[in-house]
Structure formats: C-alpha cells, structure tokens
file final-v4.txt (compact mmCIF, C-alpha atoms and all ligand atoms)
# COMPACT_ATOMS: atom_id res chain seq x y z
CA MET A 23 139.93 141.79 133.23
CA GLU A 24 143.62 142.33 133.89
CA LYS A 25 145.39 145.65 134.23
CA LYS A 26 148.71 146.95 135.51
CA MET A 27 148.53 148.17 139.07
CA PHE A 28 150.69 148.60 142.14
CA CYS A 29 150.67 145.46 144.32
CA PRO A 30 151.39 146.33 147.97
CA ASN A 31 152.64 142.78 148.62
CA CYS A 32 155.15 142.61 145.74
CA ASP A 33 155.82 146.34 146.33
CA LYS A 34 155.77 147.02 142.57
CA THR A 35 153.47 147.33 139.54
CA GLN A 36 152.04 143.97 138.49
CA PRO A 37 149.21 142.59 136.34
CA VAL A 38 146.14 142.68 138.60
CA LYS A 39 142.65 141.18 138.19
CA THR A 40 139.38 142.57 139.51
CA ILE A 41 137.48 139.95 141.48
CA GLN A 42 134.26 139.79 143.50
CA ARG A 43 133.91 138.15 146.88
CA GLN A 44 131.16 137.87 149.48
CA GLU A 45 132.41 139.75 152.56
CA THR A 46 131.05 140.51 156.00
CA LEU A 47 131.59 144.11 157.08
CA PRO A 48 130.77 145.63 160.47
CA VAL A 49 128.31 148.54 160.35
CA ARG A 50 127.56 150.05 163.77
CA ASP A 51 126.44 147.15 165.93
CA GLU A 52 125.66 144.81 163.03
CA LYS A 53 127.49 142.59 160.61
CA VAL A 54 126.47 143.12 157.00
CA SER A 55 127.28 140.76 154.14
CA VAL A 56 128.03 142.35 150.76
CA LEU A 57 129.44 141.31 147.40
CA SER A 58 132.69 143.26 147.52
CA GLU A 59 134.93 144.18 144.66
CA LEU A 60 138.65 143.48 145.24
CA SER A 61 141.91 143.34 143.32
CA ALA A 62 144.08 140.19 143.05
CA CYS A 63 147.73 140.25 142.03
CA SER A 64 148.33 137.72 139.22
CA VAL A 65 151.91 137.12 140.38
CA CYS A 66 151.77 136.70 144.20
CA LYS A 67 147.99 135.95 144.29
CA GLN A 68 147.57 138.42 147.16
CA GLU A 69 144.07 140.04 147.37
CA PHE A 70 143.71 143.69 148.32
CA ALA A 71 141.27 146.58 147.94
CA THR A 72 142.18 149.92 146.36
CA THR A 73 140.94 153.07 148.13
CA GLU A 74 138.08 153.41 145.60
CA GLN A 75 137.12 149.75 146.00
CA GLU A 76 137.13 150.08 149.76
CA GLU A 77 134.91 153.17 149.68
CA GLU A 78 132.50 151.50 147.28
CA ASN A 79 132.34 148.33 149.41
CA VAL A 80 131.61 150.34 152.54
CA ARG A 81 128.93 152.31 150.68
CA LYS A 82 127.31 149.02 149.64
CA ALA A 83 127.41 147.77 153.22
CA TYR A 84 125.87 151.03 154.44
CA ASP A 85 123.08 150.80 151.88
CA GLU A 86 122.39 147.21 152.92
CA TYR A 87 122.31 148.32 156.58
CA ARG A 88 119.94 151.21 155.67
CA LYS A 89 117.59 148.81 153.93
CA ARG A 90 117.60 146.56 157.00
CA LYS A 91 116.94 149.48 159.39
CA GLY A 92 114.46 151.38 157.24
CA LEU A 93 116.85 154.33 156.82
CA LEU A 94 116.76 156.58 153.74
CA THR A 95 119.61 156.03 151.28
CA HIS A 96 121.91 158.96 150.53
CA SER A 97 120.08 159.67 147.25
CA GLU A 98 116.71 159.54 149.02
CA VAL A 99 118.01 162.11 151.51
CA ARG A 100 118.92 164.25 148.53
CA ASP A 101 115.45 163.78 146.96
CA VAL A 102 113.76 165.05 150.13
CA ARG A 103 115.97 168.14 150.17
CA VAL A 104 115.65 168.89 146.44
CA GLN A 105 111.86 168.89 146.51
CA TYR A 106 112.04 171.81 148.94
CA GLY A 107 114.49 173.70 146.74
CA LEU A 108 117.12 174.30 149.44
CA SER A 109 120.92 174.06 149.44
CA GLN A 110 122.50 171.45 151.72
CA THR A 111 123.46 174.13 154.26
CA ALA A 112 120.06 175.86 154.26
CA PHE A 113 118.29 172.52 154.55
CA SER A 114 120.47 171.57 157.57
CA ARG A 115 119.74 174.92 159.23
CA TRP A 116 116.01 174.60 158.61
CA LEU A 117 116.09 171.32 160.51
CA GLY A 118 118.18 172.93 163.23
CA TRP A 119 121.16 170.65 162.54
CA GLY A 120 124.84 171.42 162.04
CA ASP A 121 125.62 173.15 158.74
CA ILE A 122 127.35 170.16 157.13
CA THR A 123 125.04 167.41 158.45
CA ILE A 124 123.05 167.01 155.22
CA HIS A 125 126.19 167.25 153.14
CA ARG A 126 127.61 164.30 155.10
CA TYR A 127 124.43 162.23 154.69
CA GLU A 128 124.24 162.92 150.98
CA SER A 129 127.89 161.90 150.65
CA GLY A 130 127.12 158.52 152.19
CA SER A 131 127.55 158.90 155.96
CA LEU A 132 125.02 156.99 158.00
CA GLN A 133 122.36 159.21 159.52
CA ASP A 134 121.24 158.54 163.09
CA ALA A 135 117.73 157.24 163.69
CA VAL A 136 116.32 160.53 165.03
CA HIS A 137 117.52 162.48 161.99
CA ASN A 138 116.12 159.76 159.76
CA GLU A 139 112.70 160.15 161.42
CA ALA A 140 112.78 163.90 160.83
CA LEU A 141 113.62 163.41 157.14
CA LEU A 142 110.86 160.85 156.69
CA LEU A 143 108.31 163.25 158.22
CA LEU A 144 109.27 165.89 155.66
CA LYS A 145 107.97 163.69 152.87
CA ASP A 146 104.56 164.99 153.98
CA PRO A 147 104.29 168.69 153.06
CA ARG A 148 101.98 169.33 156.02
CA ASN A 149 104.88 168.54 158.36
CA ALA A 150 107.14 170.77 156.26
CA GLU A 151 104.62 173.58 156.69
CA LYS A 152 104.73 173.19 160.49
CA LEU A 153 108.52 173.06 160.56
CA LEU A 154 108.67 176.19 158.42
CA GLU A 155 106.53 178.00 160.98
CA THR A 156 108.68 176.99 163.96
CA ASN A 157 112.14 177.18 162.32
CA ARG A 158 111.72 180.02 159.84
CA ASP A 159 114.20 182.21 161.75
CA ASN A 160 116.98 179.67 161.13
CA LEU A 161 116.89 180.63 157.44
CA ASP A 162 117.93 183.67 155.47
CA GLU A 163 115.01 185.49 153.85
CA ALA A 164 115.66 184.27 150.29
CA SER A 165 115.82 180.61 151.38
CA ALA A 166 112.72 181.02 153.55
CA GLU A 167 110.76 182.44 150.63
CA ARG A 168 111.93 179.72 148.28
CA LEU A 169 110.94 177.11 150.83
CA GLU A 170 107.55 178.73 151.33
CA ARG A 171 106.82 178.48 147.61
CA ALA A 172 108.02 174.87 147.45
CA VAL A 173 105.87 173.88 150.45
CA ALA A 174 102.83 175.64 148.95
CA ALA A 175 103.33 173.82 145.65
CA ARG A 176 103.66 170.45 147.40
CA LEU A 177 100.55 171.11 149.49
CA ASN A 178 98.69 172.03 146.34
CA ASP A 179 99.76 168.79 144.62
CA GLU A 180 98.50 166.90 147.63
CA VAL A 181 95.11 168.61 147.52
CA VAL A 182 94.74 168.00 143.80
CA LYS A 183 95.57 164.33 144.32
CA LEU A 184 92.98 164.01 147.09
CA ILE A 185 90.29 165.82 145.09
CA GLU A 186 91.01 163.65 142.08
CA GLU A 187 90.85 160.41 144.02
CA ASP A 188 87.64 161.53 145.65
CA LEU A 189 86.14 162.68 142.38
CA ALA A 190 87.05 159.46 140.59
CA ALA A 191 85.59 157.43 143.46
CA THR A 192 82.39 159.51 143.55
CA LEU A 193 81.80 159.50 139.81
CA SER A 194 82.50 155.80 139.43
CA ARG A 195 79.99 154.97 142.15
CA SER A 196 77.02 154.94 139.75
CA ALA A 197 76.28 151.38 138.69
CA PRO A 198 76.26 150.64 134.94
CA SER A 199 73.02 151.87 133.40
CA GLU A 200 71.55 153.46 130.27
CA PHE A 201 72.87 156.81 131.54
CA ASN A 202 76.58 155.92 131.62
CA GLY A 203 76.44 153.52 128.67
CA TYR A 204 76.50 150.43 130.90
CA ARG A 205 79.98 151.14 132.13
CA ARG A 206 81.25 152.67 135.37
CA PHE A 207 82.86 156.06 134.92
CA ASN A 208 86.64 155.79 134.47
CA VAL A 209 88.47 159.08 135.04
CA GLU A 210 91.70 157.84 133.46
CA ARG A 211 89.91 156.93 130.24
CA PHE A 212 88.06 160.24 130.28
CA GLU A 213 91.24 162.30 130.71
CA ASN A 214 93.16 160.41 128.06
CA LEU A 215 90.27 160.64 125.62
CA VAL A 216 90.27 164.43 126.15
CA LEU A 217 94.03 164.54 125.46
CA HIS A 218 93.69 162.32 122.38
CA VAL A 219 90.86 164.46 120.96
CA LEU A 220 92.92 167.64 121.46
CA GLU A 221 95.96 166.03 119.85
CA LYS A 222 93.83 165.16 116.81
CA VAL A 223 91.80 168.37 116.40
CA GLY A 224 94.19 170.91 117.95
CA ALA A 225 93.30 173.43 120.67
CA ALA A 226 89.51 173.56 121.09
CA TYR A 227 86.86 175.37 123.07
CA LYS A 228 85.54 173.60 126.12
CA THR A 229 82.05 173.39 124.63
CA ALA A 230 83.50 171.77 121.50
CA VAL A 231 85.48 169.23 123.56
CA ASN A 232 82.28 168.27 125.37
CA LYS A 233 80.55 167.57 122.09
CA TYR A 234 83.43 165.52 120.71
CA LEU A 235 83.30 163.36 123.83
CA TRP A 236 79.54 162.98 123.65
CA TYR A 237 79.57 161.90 120.01
CA ILE A 238 82.41 159.46 120.61
CA ASP A 239 80.78 157.79 123.61
CA PHE A 240 77.37 157.64 121.92
CA CYS A 241 78.69 156.39 118.55
CA TYR A 242 80.60 153.63 120.29
CA TYR A 243 77.50 152.70 122.28
CA ARG A 244 75.43 152.49 119.09
CA ASP A 245 77.97 149.95 117.79
CA GLN A 246 78.97 148.01 120.89
CA ALA A 247 76.21 148.66 123.50
CA SER A 248 78.82 150.18 125.80
CA SER A 249 80.28 153.65 126.20
CA ILE A 250 84.05 154.25 126.17
CA THR A 251 84.43 156.43 129.28
CA GLY A 252 81.30 155.64 131.33
CA THR A 253 80.48 159.35 131.35
CA GLN A 254 76.97 160.59 132.12
CA TYR A 255 75.94 163.43 129.81
CA LEU A 256 73.41 166.06 130.80
CA ARG A 257 71.27 168.12 128.46
CA PHE A 258 72.28 171.76 128.82
CA PRO A 259 71.18 174.72 126.68
CA HIS A 260 74.53 174.73 124.82
CA GLY A 261 74.36 171.00 124.17
CA PRO A 262 75.22 167.76 125.97
CA ILE A 263 77.86 168.12 128.68
CA PRO A 264 79.67 165.45 130.72
CA LYS A 265 78.50 165.46 134.33
CA SER A 266 80.99 167.15 136.70
CA TYR A 267 83.30 167.78 133.75
CA ASP A 268 84.41 171.15 135.18
CA LEU A 269 85.99 169.40 138.16
CA ILE A 270 87.79 166.90 135.96
CA PHE A 271 89.12 169.59 133.65
CA ALA A 272 90.17 171.67 136.68
CA ALA A 273 92.08 168.70 138.08
CA MET A 274 93.80 168.18 134.69
CA ILE A 275 94.81 171.85 134.59
CA GLU A 276 96.17 171.69 138.16
CA LYS A 277 98.10 168.53 137.29
CA GLY A 278 99.57 170.24 134.26
CA SER A 279 98.19 167.90 131.59
CA LEU A 280 95.85 170.54 130.16
CA ALA A 281 96.48 174.19 129.24
CA VAL A 282 93.61 176.63 129.38
CA GLU A 283 93.29 180.00 127.71
CA GLU A 284 90.46 182.51 128.03
CA VAL A 285 89.57 183.65 124.51
CA SER A 286 87.11 186.32 123.47
CA GLY A 287 86.46 186.27 119.74
CA LYS A 288 84.03 187.88 117.35
CA ASP A 289 82.09 184.69 116.78
CA PHE A 290 82.69 182.82 120.00
CA SER A 291 84.14 183.37 123.48
CA GLY A 292 85.15 180.97 126.19
CA GLU A 293 87.86 178.73 127.55
CA ARG A 294 90.07 177.05 125.02
CA TYR A 295 91.99 173.89 125.91
CA ALA A 296 95.25 172.53 124.59
CA PRO A 297 96.98 169.26 125.55
CA LYS A 298 100.14 169.48 127.66
CA ALA A 299 100.69 165.75 128.08
CA ARG A 300 100.68 162.83 125.62
CA ALA A 301 97.49 160.78 125.56
CA ASN A 302 97.95 157.20 126.70
CA THR A 303 96.00 155.46 123.93
CA ASP A 304 97.02 152.03 125.27
CA LEU A 305 93.97 152.42 127.51
CA PHE A 306 91.74 151.98 124.47
CA GLN A 307 91.25 148.74 122.57
CA GLY A 308 91.66 148.63 118.80
CA ASP A 309 87.96 148.97 117.96
CA GLU A 310 87.59 151.80 120.49
CA LEU A 311 90.43 153.78 118.93
CA LYS A 312 88.98 153.13 115.45
CA MET A 313 85.61 154.52 116.56
CA ILE A 314 87.21 157.52 118.27
CA ASP A 315 89.19 158.50 115.19
CA GLY A 316 86.28 157.70 112.85
CA CYS A 317 84.00 160.03 114.83
CA LEU A 318 86.58 162.80 114.89
CA ALA A 319 87.02 162.51 111.12
CA ALA A 320 83.23 162.64 110.59
CA LEU A 321 82.90 165.68 112.83
CA ALA A 322 85.80 167.42 111.09
CA ALA A 323 84.10 166.85 107.73
CA LYS A 324 80.99 168.65 109.01
CA GLY A 325 82.99 171.66 110.17
CA LYS A 326 84.50 171.86 113.59
CA THR A 327 83.88 175.28 115.05
CA ALA A 328 82.26 175.21 118.45
CA ARG A 329 79.12 176.75 116.95
CA GLN A 330 78.84 174.19 114.13
CA LEU A 331 79.27 171.31 116.58
CA SER A 332 76.67 172.84 118.84
CA ASP A 333 74.14 173.25 116.02
CA MET A 334 74.71 169.64 115.01
CA ALA A 335 74.18 168.28 118.52
CA HIS A 336 71.01 170.31 118.97
CA LYS A 337 69.41 168.47 116.04
CA GLU A 338 70.04 165.01 117.45
CA ALA A 339 67.00 163.13 118.77
CA ALA A 340 68.99 162.29 121.93
CA TYR A 341 69.13 165.99 122.68
CA LEU A 342 65.62 166.90 121.52
CA LEU A 343 63.93 164.12 123.48
CA THR A 344 65.67 164.84 126.80
CA LYS A 345 64.42 167.45 129.29
CA ASP A 346 66.68 170.34 130.23
CA ARG A 347 69.37 169.45 132.85
CA GLU A 348 68.38 165.78 132.70
CA PRO A 349 70.78 162.93 131.90
CA ILE A 350 70.70 161.82 128.28
CA SER A 351 69.97 158.11 127.85
CA TYR A 352 72.43 156.16 125.69
CA ARG A 353 69.34 154.39 124.26
CA HIS A 354 68.98 157.37 121.94
CA ALA A 355 72.35 156.53 120.38
CA LYS A 356 70.61 154.40 117.73
CA ASP A 357 69.13 157.58 116.20
CA LEU A 358 72.40 159.53 115.96
CA LYS A 359 72.81 161.25 112.63
CA LEU A 360 76.61 161.14 112.73
CA LYS A 361 78.26 158.28 110.83
CA PRO A 362 81.94 157.64 111.72
CA VAL A 363 84.37 157.63 108.78
CA PRO A 364 85.87 154.12 108.35
CA ALA A 365 89.64 153.84 108.76
CA LYS A 366 90.34 153.09 105.08
CA ALA A 367 88.48 156.23 103.97
CA ARG A 368 90.62 158.45 106.21
CA LYS A 369 93.93 159.82 105.15
ZN ZN A 401 151.76 140.86 144.12
call {"tool": "encode", "arguments": {"input": "final-v4.txt", "output": "structure tokens", "more": "lines below"}}
Ligand SMILES: [Zn+2]
result
Amino acid sequence: MEKKMFCPNCDKTQPVKTIQRQETLPVRDEKVSVLSELSACSVCKQEFATTEQEEENVRKAYDEYRKRKGLLTHSEVRDVRVQYGLSQTAFSRWLGWGDITIHRYESGSLQDAVHNEALLLLKDPRNAEKLLETNRDNLDEASAERLERAVAARLNDEVVKLIEEDLAATLSRSAPSEFNGYRRFNVERFENLVLHVLEKVGAAYKTAVNKYLWYIDFCYYRDQASSITGTQYLRFPHGPIPKSYDLIFAAMIEKGSLAVEEVSGKDFSGERYAPKARANTDLFQGDELKMIDGCLAALAAKGKTARQLSDMAHKEAAYLLTKDREPISYRHAKDLKLKPVPAKARK
C-alpha cells in the first residue's frame, strides 16, 4: 500500500510503501530477531522507520525477549493488577515499589527479573494475602479495603475449585455398577443436566430438580442400559435424591452458575433454583438429549409442582422396593411408570 509521507532522505513528501523485514534488535544483553514494519520511499528507495513503527518494532522485540526469559507481557502485568482491583499507583505502593513502576511496565517497559518474580507470585491469592498483611500500611484505607475484598474473593474461588475437583474425583471413584447406571459419575454432565432442566422447566424447588434428574437417568437406563450422569440415587423420605447433591449444588452456587432463593409458600417451602449460566448440551449425544426432553415433557404433562412430582416418585417400584437411605438400583428402571413423550409429539 502506497501513501504520501515525508521522506527524510529526499527531504520532502513522497509516495511511500509499508514493507516488512526481518530485523535483529538488541534487548538488554541479547539480540532478538523480529519481523519489523518499515517505510520505503518509492522515489529514492531509502528505507526508514516512522516513530510509531519504531515503537511498535521495539515492543515486538521486547515481547519476544519476555517470552524467551519467562517474563510477563505488559498486558499480563495489567491482568495481575486488575484482578486485585487496584490503580497502577496503589498497586506499585502495595508492592513497595516506586509510584510509577507499574505504569511503566504496563506501558511496555521491561520489568527486571525480581519484580517479575513478585508479580508471578501474586497470581496465587495466598501470596497476596501474606503481602497484604505485611504491606497494608503502604496503602490508603480505601485501597486496602478494596484489596482485602478482592483477595478474599480470589481465595474463595480457589477453595471452590479445590472442593469441586476433590468432589468430582471422589464421586467418580465408584466403579460402574447397577447403582450408578453402569457409568462413572461425571460432575460436568450432572451440572449441565441441572442447568438444562431448569432452562426447560423454569425455576424449580430443589426436591423437584432431584426428581427430574432421577427420572431422566432412570428412563435413559431403561432404554440404553446406561445412565446419563452416573449419579447414585438414595431413597429418602421425600423421594429419590442424588448422592452428595448438596455439595454439587453448593459448588454451582459458589461458582455463580446457579441462583438459589429461600421460598416459604402455603403449599410448599424450600430452596428454589434458577439457572445463571447456559447449559452446555454438546455434552449430551442426540439420543440422550431426546430422552431428557421427552422425560421433561412427560413430567410436565403430569403436573410439575414439587408435591406432584414427589407423589409420583413415591409410587414407583424402584422407590417402594428400596430400603430407606439405601441406594436405588437402576435395575428397577424397567418398571418405571413414566413414558417419555417422543420428539414428534412435542411442540
Ligand atoms: Zn526518498
């Protein structure tokens, strides 16, 4: 592309082309090769870099050098700061650095290795918590409080993540058997099935959600000799409930994918759930999704209050033939009364 620009060699405005050339630029004690952008005068053929081009080429060389040395890029420096909710100045002071240090790094200056180490450590909120204790006095009260909240939130995220990983690992430990529908428990499938059910039926009581899940897993097993989520269901007085479901729901609420509301009504009281994230239905194969939606349609046709669902489940042989607090065998699925509505019969 050609445009009119001042050529320093001809000392006047000339048609100039933008070209790219592999260049070697010195960065600290190293030589870094980058694809630089330059300008070439179409009249005298002289190549030169405008101020913007020079800055951009140096930035590229710096980024290449950072990659080589394991240094954070300027936008990664910014990301670390932003997650703690501090201004550039406050963040610098917290670390005990000069007021404009972070501003310089975020603008593209190369950080030294010690500063880089300190920034990397702050990716772990436990280190941030320690630094807040030792350097709190560097900050004004408002910044310190904002930082405290941000650190607490990050620590909380970390705990939720650990609990979730642990929970998923623990629950999926049970080998396939008649009690999980010959499939290892899969927390991702469970959570996304919950979200899909709530998207379809709207906000629902916890006890109702449990029954939707039970019917879906058992109906699919009756058809395909496998459950969808690998969940174990226990017989409880209010009906079948997924084992450890409270922990999974709690993790979803903490993560922000599920909203919970305590409701006390005339007919029914309890926790009501609503979805706060989109269900990823890609996790389910075509026949699984068909069964899920067919079951939901069949349950909706029979009335879908928590009480109606509960009454229905209590009449199932699977429930009647299982002792209290015991796991319900998927073998009973063959006697389920519920018949899913085929896709073509649904609107
Ligand atoms: Zn020229």
call {"tool": "residues_near_ligand", "arguments": {"input": "final-v4.txt", "ligand": "ligand ZN 401 (chain A)", "cutoff": "8 Å", "atoms": "all atoms listed in the file", "output": "JSON, numbers by chain"}}
result
{"A": [29, 30, 31, 32, 33, 34, 36, 62, 63, 64, 65, 66, 67, 68]}
call {"tool": "write_last_selection", "arguments": {"input": "final-v4.txt", "atoms": "C-alpha atoms", "output": "JSON list (two decimals), in the frame of the given file"}}
result
[["chain", "number", "residue", "atom", "x", "y", "z"],
["A", 29, "CYS", "CA", 150.67, 145.46, 144.32],
["A", 30, "PRO", "CA", 151.39, 146.33, 147.97],
["A", 31, "ASN", "CA", 152.64, 142.78, 148.62],
["A", 32, "CYS", "CA", 155.15, 142.61, 145.74],
["A", 33, "ASP", "CA", 155.82, 146.34, 146.33],
["A", 34, "LYS", "CA", 155.77, 147.02, 142.57],
["A", 36, "GLN", "CA", 152.04, 143.97, 138.49],
["A", 62, "ALA", "CA", 144.08, 140.19, 143.05],
["A", 63, "CYS", "CA", 147.73, 140.25, 142.03],
["A", 64, "SER", "CA", 148.33, 137.72, 139.22],
["A", 65, "VAL", "CA", 151.91, 137.12, 140.38],
["A", 66, "CYS", "CA", 151.77, 136.70, 144.20],
["A", 67, "LYS", "CA", 147.99, 135.95, 144.29],
["A", 68, "GLN", "CA", 147.57, 138.42, 147.16]]
call {"tool": "atom_distance", "arguments": {"input": "final-v4.txt", "atom1": "atom CA of Thr73 of chain A", "atom2": "atom CA of Arg43 of chain A"}}
result
16.5 Å
call {"tool": "atom_distance", "arguments": {"input": "final-v4.txt", "atom1": "atom CA of Pro264 of chain A", "atom2": "atom CA of Ser286 of chain A"}}
result
23.3 Å
call {"tool": "closest_residue", "arguments": {"input": "final-v4.txt", "among": "A:Thr303, A:Gln133, A:Thr35, A:Asn202", "to": "Val216 of chain A", "atoms": "only C-alpha atoms"}}
result
A:Thr303
call {"tool": "atom_distance", "arguments": {"input": "final-v4.txt", "atom1": "atom CA of Leu154 of chain A", "atom2": "atom CA of Asp85 of chain A"}}
result
29.9 Å
call {"tool": "residues_around", "arguments": {"input": "final-v4.txt", "residues": "segment 307-315 of chain A", "least_positions_apart": "6", "cutoff": "8 Å", "atoms": "only C-alpha atoms", "output": "mmCIF file with C-alpha atoms, in the coordinates of the input"}}
result
data_model
loop_
_atom_site.group_PDB
_atom_site.id
_atom_site.type_symbol
_atom_site.label_atom_id
_atom_site.label_comp_id
_atom_site.auth_asym_id
_atom_site.auth_seq_id
_atom_site.Cartn_x
_atom_site.Cartn_y
_atom_site.Cartn_z
ATOM 1 C CA ILE A 238 82.410 159.460 120.610
ATOM 2 C CA CYS A 241 78.690 156.390 118.550
ATOM 3 C CA TYR A 242 80.600 153.630 120.290
ATOM 4 C CA ILE A 250 84.050 154.250 126.170
ATOM 5 C CA PRO A 362 81.940 157.640 111.720
ATOM 6 C CA PRO A 364 85.870 154.120 108.350
ATOM 7 C CA ALA A 365 89.640 153.840 108.760
#
call {"tool": "closest_residue", "arguments": {"input": "final-v4.txt", "among": "A:Ser58, A:Ala340, A:Leu321, A:Lys183", "to": "Lys222 of chain A", "atoms": "only C-alpha atoms"}}
result
A:Leu321
call {"tool": "closest_residue", "arguments": {"input": "final-v4.txt", "among": "A:Leu47, A:Ala112, A:Val104, A:Ala247", "to": "Ala166 of chain A", "atoms": "all atoms listed in the file"}}
result
A:Ala112
call {"tool": "closest_residue", "arguments": {"input": "final-v4.txt", "among": "A:Thr111, A:Gln254, A:Ser131, A:Thr123", "to": "His96 of chain A", "atoms": "all atoms listed in the file"}}
result
A:Ser131
call {"tool": "axis_aligned_box", "arguments": {"input": "final-v4.txt", "around": "segment 258-270 of chain A", "padding_each_side": "4 Å", "output": "lines of an AutoDock Vina configuration file"}}
result
center_x = 79.5
center_y = 170.1
center_z = 131.2
size_x = 24.6
size_y = 17.3
size_z = 22.0
call {"tool": "residues_around", "arguments": {"input": "final-v4.txt", "residues": "Ile41 of chain A", "least_positions_apart": "2", "cutoff": "6 Å", "atoms": "all atoms listed in the file", "output": "number ranges by chain"}}
result
A: 59-61
call {"tool": "closest_residue", "arguments": {"input": "final-v4.txt", "among": "A:Lys91, A:Asp333, A:Glu74, A:Leu141", "to": "Ser114 of chain A", "atoms": "only C-alpha atoms"}}
result
A:Leu141
call {"tool": "closest_residue", "arguments": {"input": "final-v4.txt", "among": "A:Asp179, A:Ser199, A:Gly107, A:Arg88", "to": "Ala164 of chain A", "atoms": "all atoms listed in the file"}}
result
A:Gly107
call {"tool": "residues_around", "arguments": {"input": "final-v4.txt", "residues": "Ala281 of chain A", "least_positions_apart": "2", "cutoff": "10 Å", "atoms": "all atoms listed in the file", "output": "list of chain:residue names"}}
result
A:Ala225, A:Phe271, A:Met274, A:Ile275, A:Glu276, A:Lys277, A:Gly278, A:Ser279, A:Glu283, A:Glu293, A:Arg294, A:Tyr295, A:Ala296, A:Pro297, A:Lys298, A:Ala299
call {"tool": "residues_around", "arguments": {"input": "final-v4.txt", "residues": "Ser249 of chain A", "least_positions_apart": "4", "cutoff": "6 Å", "atoms": "only C-alpha atoms", "output": "list in words"}}
result
Gly203, Asp239, Tyr242 and Tyr243 of chain A
call {"tool": "residues_around", "arguments": {"input": "final-v4.txt", "residues": "Arg148 of chain A", "least_positions_apart": "3", "cutoff": "12 Å", "atoms": "all atoms listed in the file", "output": "number ranges by chain"}}
result
A: 143-145, 151-155, 170, 172-181
call {"tool": "residues_near_point", "arguments": {"input": "final-v4.txt", "point": "(81.4, 161.7, 139.6)", "cutoff": "10 Å", "atoms": "all atoms listed in the file", "output": "ChimeraX atom specification"}}
result
/A:188-196,206-209,253-254,264-267,269-270
